[in-house]
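Asks: After the structure tokens below, expect a handful of questions from me.
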Amino acid sequence: MLQFLASFYFNLSGLILCPLLGSIILSVIPDSRIRLIRGIGLCTSLITFLYSLFFWIQFDNSTAKFQFVETIRWLPYPNIHFYIGIDGISLFFVVLTTFLIPICILVGWSSIKSYKREYMIAFLICESFMIAVFCMLDLLLFYVFFESVLIPMLGPIPYSPIIIGVWGSRQRKIQAAYQFFLYTLLGSVFMLLAILFILSQTGSTDLQILLTTEFSERRQILLWIAFFASFSVKVPMIPFHIWLPEAHVEAPTAGSVILAGILLKLGTYGFLRFSIPMFPEATLYFTPFVYALSVIAIIYTSLTTIRQIDLKKIIAYSSVAHMNFVTIGMFSLNIQGIEGSILLMLSHGLVSSALFLCVGALYDRHKTRLVKYYGGLVSTMPMFSTIFLFFTLANMSLPGTSSFIGEFLILVGAFQRNSLVATLAALGMILGAAYSLWLYNRVIFGNFKPKFLQKFSDLNRREVLIFLPFVVGIIWMGVYPEVFLECMHTSIGNLVQHGKFD
């Protein structure tokens with residue numbers, strides 16, 4: 001009986017629709033009912049998170065096949081279906097998405113002063129689209145949802161883009177929103193053309209069918225370039241990274257959390273799900289090119305980070321370095337490298353999001369993010385200083401934290417493929433420690449500056465409650481990563497075997 005109920009109620013389409021249902025309910029509630037709007041938004045996101053945990057609990061680690069598969073016919077064509085399912089690669093991205101949305105809603109609990117109902121609706125719609133991206137097994141619909149995520153991040157509420165444009169923090173927020181929109185959309189035009197070409201050649205956009213289809217090497221190279229144009233902007237890889245620091249600086253705190261925690265993972269997930277398994281010969285052909293871009297990005301952005309004066313830009317540039325570490329792991333094309341890259345993506349989703357929350361806590365109190373105005377906070381904000389220290393150490397991959405496991409596995413995998421690349425990537429870890437300690441030392445220690453900072457208050461209970469799950473997640477992944485690795489091991493082994501990368 002319980003199995004029947006589980007199969008009836010617990011399905012992926014229900015998980016995708018749950019936040020949408022919450023946003024529909026919110027849309028009919030009057031703006032004046034602020035407490036009710038907050039309560040419904042938070043409850044919807046928490047229910048969705050608990051809902052996603054069911055899929056983790058029920059997940060079968062022993063098979064590489066897609067699980068919880070659903071097929072819905074939505075067009076009168078035989079080979080284009082609404083086709084969803086998850087495997088070990090996509091499972092934790094779904095859980096990470098549902099974990100971060102309640103955090104984003106709590107972050108804006110008191111700091112968001114305008115369009116409060118629309119704020120909740122935007123994040124719930126964004127959550128629904130992101131879950132759909134990670135579950136989608138149809139290439140055409142993957143593209144639709146891949147681009148649809150831009151709508152709640154940027155779409156119009158009268159005359160200005162949403163999460164960045166409405167709740168952004170400075171005058172350049174509209175420019176940053178459009179820069180983000182144009183960069184990501186222009187890259188995706190090539191991907192759309194590639195999908196249409198694949199549909200015309202194979203007659204299907206079903207991933208399962210496309211994985212058994214062999215393209216000629218020349219076509220693989222052209223299709224791989226088209227997909228790369230889209231995914232590399234989202235990662236972001238050099239020279240397509242310019243939009244990220246600007247978008248982070250102008251976005252509200254919750255917008256930065258979603259941007260760093262989930263949206264940057266869409267590009268790397270696209271490589272893992274589509275580019276690498278569908279075009280294995282082209283992947284091998286372009287591996288040196290990806291290595292070169294990634295190593296340049298790691299060293300260049302790490303050096304750039306040390307010269308930044310804005311707290312958010314420092315974390316944004318460090319995000320570029322970490323995500324290019326991920327691409328090195330993925331294109332090592334062995335089990336250790338790919339497992340490490342997924343672990344580092346999950347870790348980055350926690351660590352980077354938590355660092356942006358720390359910056360948000362400072363900005364809410366002092367209304368500035370410039371490093372030169374801060375100093376001596378250890379005496380006025382001791383609890384914040386302790387929590388910020390933990391996340392700073394996690395960002396520099398201290399052993400015992402989640403980032404260390406991911407980066408170690410990536411270096412092991414990369415060293416098997418190319419020892420020079422692994423050595424240069426390891427240099428990025430040293431630079432990462434340099435800018436992380438420099439930032440912490442400037443903000444927390446040093447001379448106190450009462451001329452600039454006049455209001456003093458440590459973290460309140462709501463803020464401590466927000467940080468607590470991040471601390472638990474980072475330590476859990478760092479001390480006992482087997483829980484995560486065992487779920488993805490079979491799927492990644494199948495991916496490596498399918499591409500004959502051994």
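By order of appearance in the structure tokens: chains A, B, ..., then residues from 1 within every chain, and ligands from 1 in the order shown.
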Name all residues at most 9 Å from Leu223 in chain A (count only C-alpha atoms; drop same-chain ones fewer than 2 positions away) and give them as a ChimeraX atom specification.
Replies: /A:190-191,194-195,197-198,218-221,225-228,275,279,282
Asks: Please return as a ChimeraX atom specification: the residues of range 283-499 of chain A that backbone DSSP assigns to alpha helix (DSSP H).
Replies: /A:283-306,311-330,335-366,377-380,382-395,402-417,419-444,461-479,482-498
Asks: Excluding range 317-328 of chain A and residues on its chain fewer than 4 positions from it, collect all residues at most 8 Å away from it, counting only C-alpha atoms, and give them as a ChimeraX atom specification.
Replies: /A:235-237,241,245,260,264,268,290-291,294-295,297-299,301-302,304-305,313,332,337,340-342,344-345,348,352,407,410,414,425,428,432
Asks: How would the residues just chosen look if you wrote them out with C-alpha atoms as a compact mmCIF listing (two decimals), in the first residue's frame?
Replies:
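And here is the file that came out, selection35.txt:
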# COMPACT_ATOMS: atom_id res chain seq x y z
CA VAL A 235 30.42 28.16 -16.10
CA PRO A 236 31.92 30.84 -16.79
CA MET A 237 35.19 30.19 -18.62
CA HIS A 241 33.42 35.51 -17.46
CA PRO A 245 31.41 39.82 -11.17
CA ALA A 260 26.75 31.03 -7.30
CA LEU A 264 26.96 28.40 -12.45
CA THR A 268 29.18 22.21 -16.06
CA VAL A 290 39.64 23.17 -22.21
CA TYR A 291 42.70 22.49 -20.02
CA SER A 294 40.82 26.39 -17.29
CA VAL A 295 44.43 26.80 -16.12
CA ALA A 297 41.25 31.11 -15.67
CA ILE A 298 42.39 29.63 -12.34
CA ILE A 299 45.67 31.60 -12.22
CA THR A 301 41.19 35.10 -11.65
CA SER A 302 43.08 34.14 -8.47
CA THR A 304 42.73 39.33 -10.02
CA THR A 305 40.92 38.47 -6.77
CA LYS A 313 33.78 40.82 -6.48
CA SER A 332 40.22 14.41 -17.05
CA GLY A 337 38.24 13.45 -11.77
CA GLY A 340 35.74 15.18 -7.68
CA SER A 341 34.25 17.76 -10.05
CA ILE A 342 30.67 16.94 -8.92
CA LEU A 344 33.46 20.37 -5.77
CA MET A 345 30.35 21.75 -7.50
CA HIS A 348 31.04 25.37 -4.03
CA SER A 352 30.31 30.28 -2.00
CA GLU A 407 39.88 19.32 -5.20
CA ILE A 410 40.24 16.40 -9.25
CA ALA A 414 43.99 15.31 -13.68
CA ALA A 425 45.90 23.84 -11.00
CA GLY A 428 45.61 27.93 -7.92
CA GLY A 432 43.22 30.66 -3.19
Asks: Which is closer to Ser457 in chain A than all the others in A:Leu343, A:Val378, A:Ile306, A:Ile276, using only C-alpha atoms?
Replies: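 Closest to Ser457 in chain A, using only C-alpha atoms: A:Val378.
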Asks: If I take CA of Lys367 in chain A and CA of Leu459 in chain A, how far is one from the other in Å, to one decimal?
Replies: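 That distance, rounded to one decimal, is 15.6 Å.
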Asks: Got a sec: who's within 10 Å of Tyr374 in chain A, counting only C-alpha atoms, leaving out chain neighbours fewer than 3 positions off, as a list in words?
Replies: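 Here the qualifying residues turn out to be Leu362, His366, Thr368, Arg369, Leu370, Val371, Leu377, Arg442, Val443, Ile444, Phe445, Gly446, Asn447, Phe448, Lys449, Pro450, Phe452 and Leu453 of chain A.
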Asks: Return the single residue from A:Trp438, A:Tyr119, A:Phe66, A:Phe274 that is closest to Gly41 in chain A, with distances computed using only C-alpha atoms.
Replies: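 Among A:Trp438, A:Tyr119, A:Phe66, A:Phe274, it is A:Tyr119 that comes nearest to Gly41 in chain A.
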Asks: Measuring between only C-alpha atoms, which one of A:Ile309, A:Ile314, A:Leu346, A:Leu53 shows the shortest distance to Phe484 in chain A?
Replies: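 When distances to Phe484 in chain A are compared using only C-alpha atoms, the smallest one comes from A:Leu346.
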Asks: How would you write, as a PyMOL selection string, the set of residues in range 78-297 of chain A that DSSP gives as strand (DSSP E or B)?
Replies: chain A and resi 82-86+136+138+156-157+160-161+206
Asks: Write the selection just made, keeping C-alpha atoms, as a PDB file, in the first residue's frame?
Replies:
ATOM      1  CA  PHE A  82       8.311  15.735 -21.925  1.00  0.00           C
ATOM      2  CA  TYR A  83      10.792  13.142 -20.671  1.00  0.00           C
ATOM      3  CA  ILE A  84      12.252  13.415 -17.149  1.00  0.00           C
ATOM      4  CA  GLY A  85      14.363  11.230 -14.857  1.00  0.00           C
ATOM      5  CA  ILE A  86      17.414  11.432 -12.593  1.00  0.00           C
ATOM      6  CA  MET A 136      15.118  16.831 -18.269  1.00  0.00           C
ATOM      7  CA  ASP A 138      14.830  15.636 -23.799  1.00  0.00           C
ATOM      8  CA  PRO A 156      10.140  42.132 -16.758  1.00  0.00           C
ATOM      9  CA  ILE A 157       8.343  43.524 -13.713  1.00  0.00           C
ATOM     10  CA  SER A 160      13.121  46.308 -15.064  1.00  0.00           C
ATOM     11  CA  PRO A 161      14.629  42.852 -14.789  1.00  0.00           C
ATOM     12  CA  ASP A 206      15.473  11.985 -26.713  1.00  0.00           C
TER      13      ASP A 206
END
Asks: When you draw a straight line from CA of Leu431 in chain A to CA of Ser385 in chain A, how long is it in Å?
Replies: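 Separation of CA of Leu431 in chain A and CA of Ser385 in chain A: 22.1 Å.
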Asks: Restricting the calculation to only C-alpha atoms: of A:Thr423, A:Thr98, A:Ser13, A:Ser491, which residue gets closest to Thr63 in chain A?
Replies: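 Ranking A:Thr423, A:Thr98, A:Ser13, A:Ser491 by distance to Thr63 in chain A, first place goes to A:Ser491.
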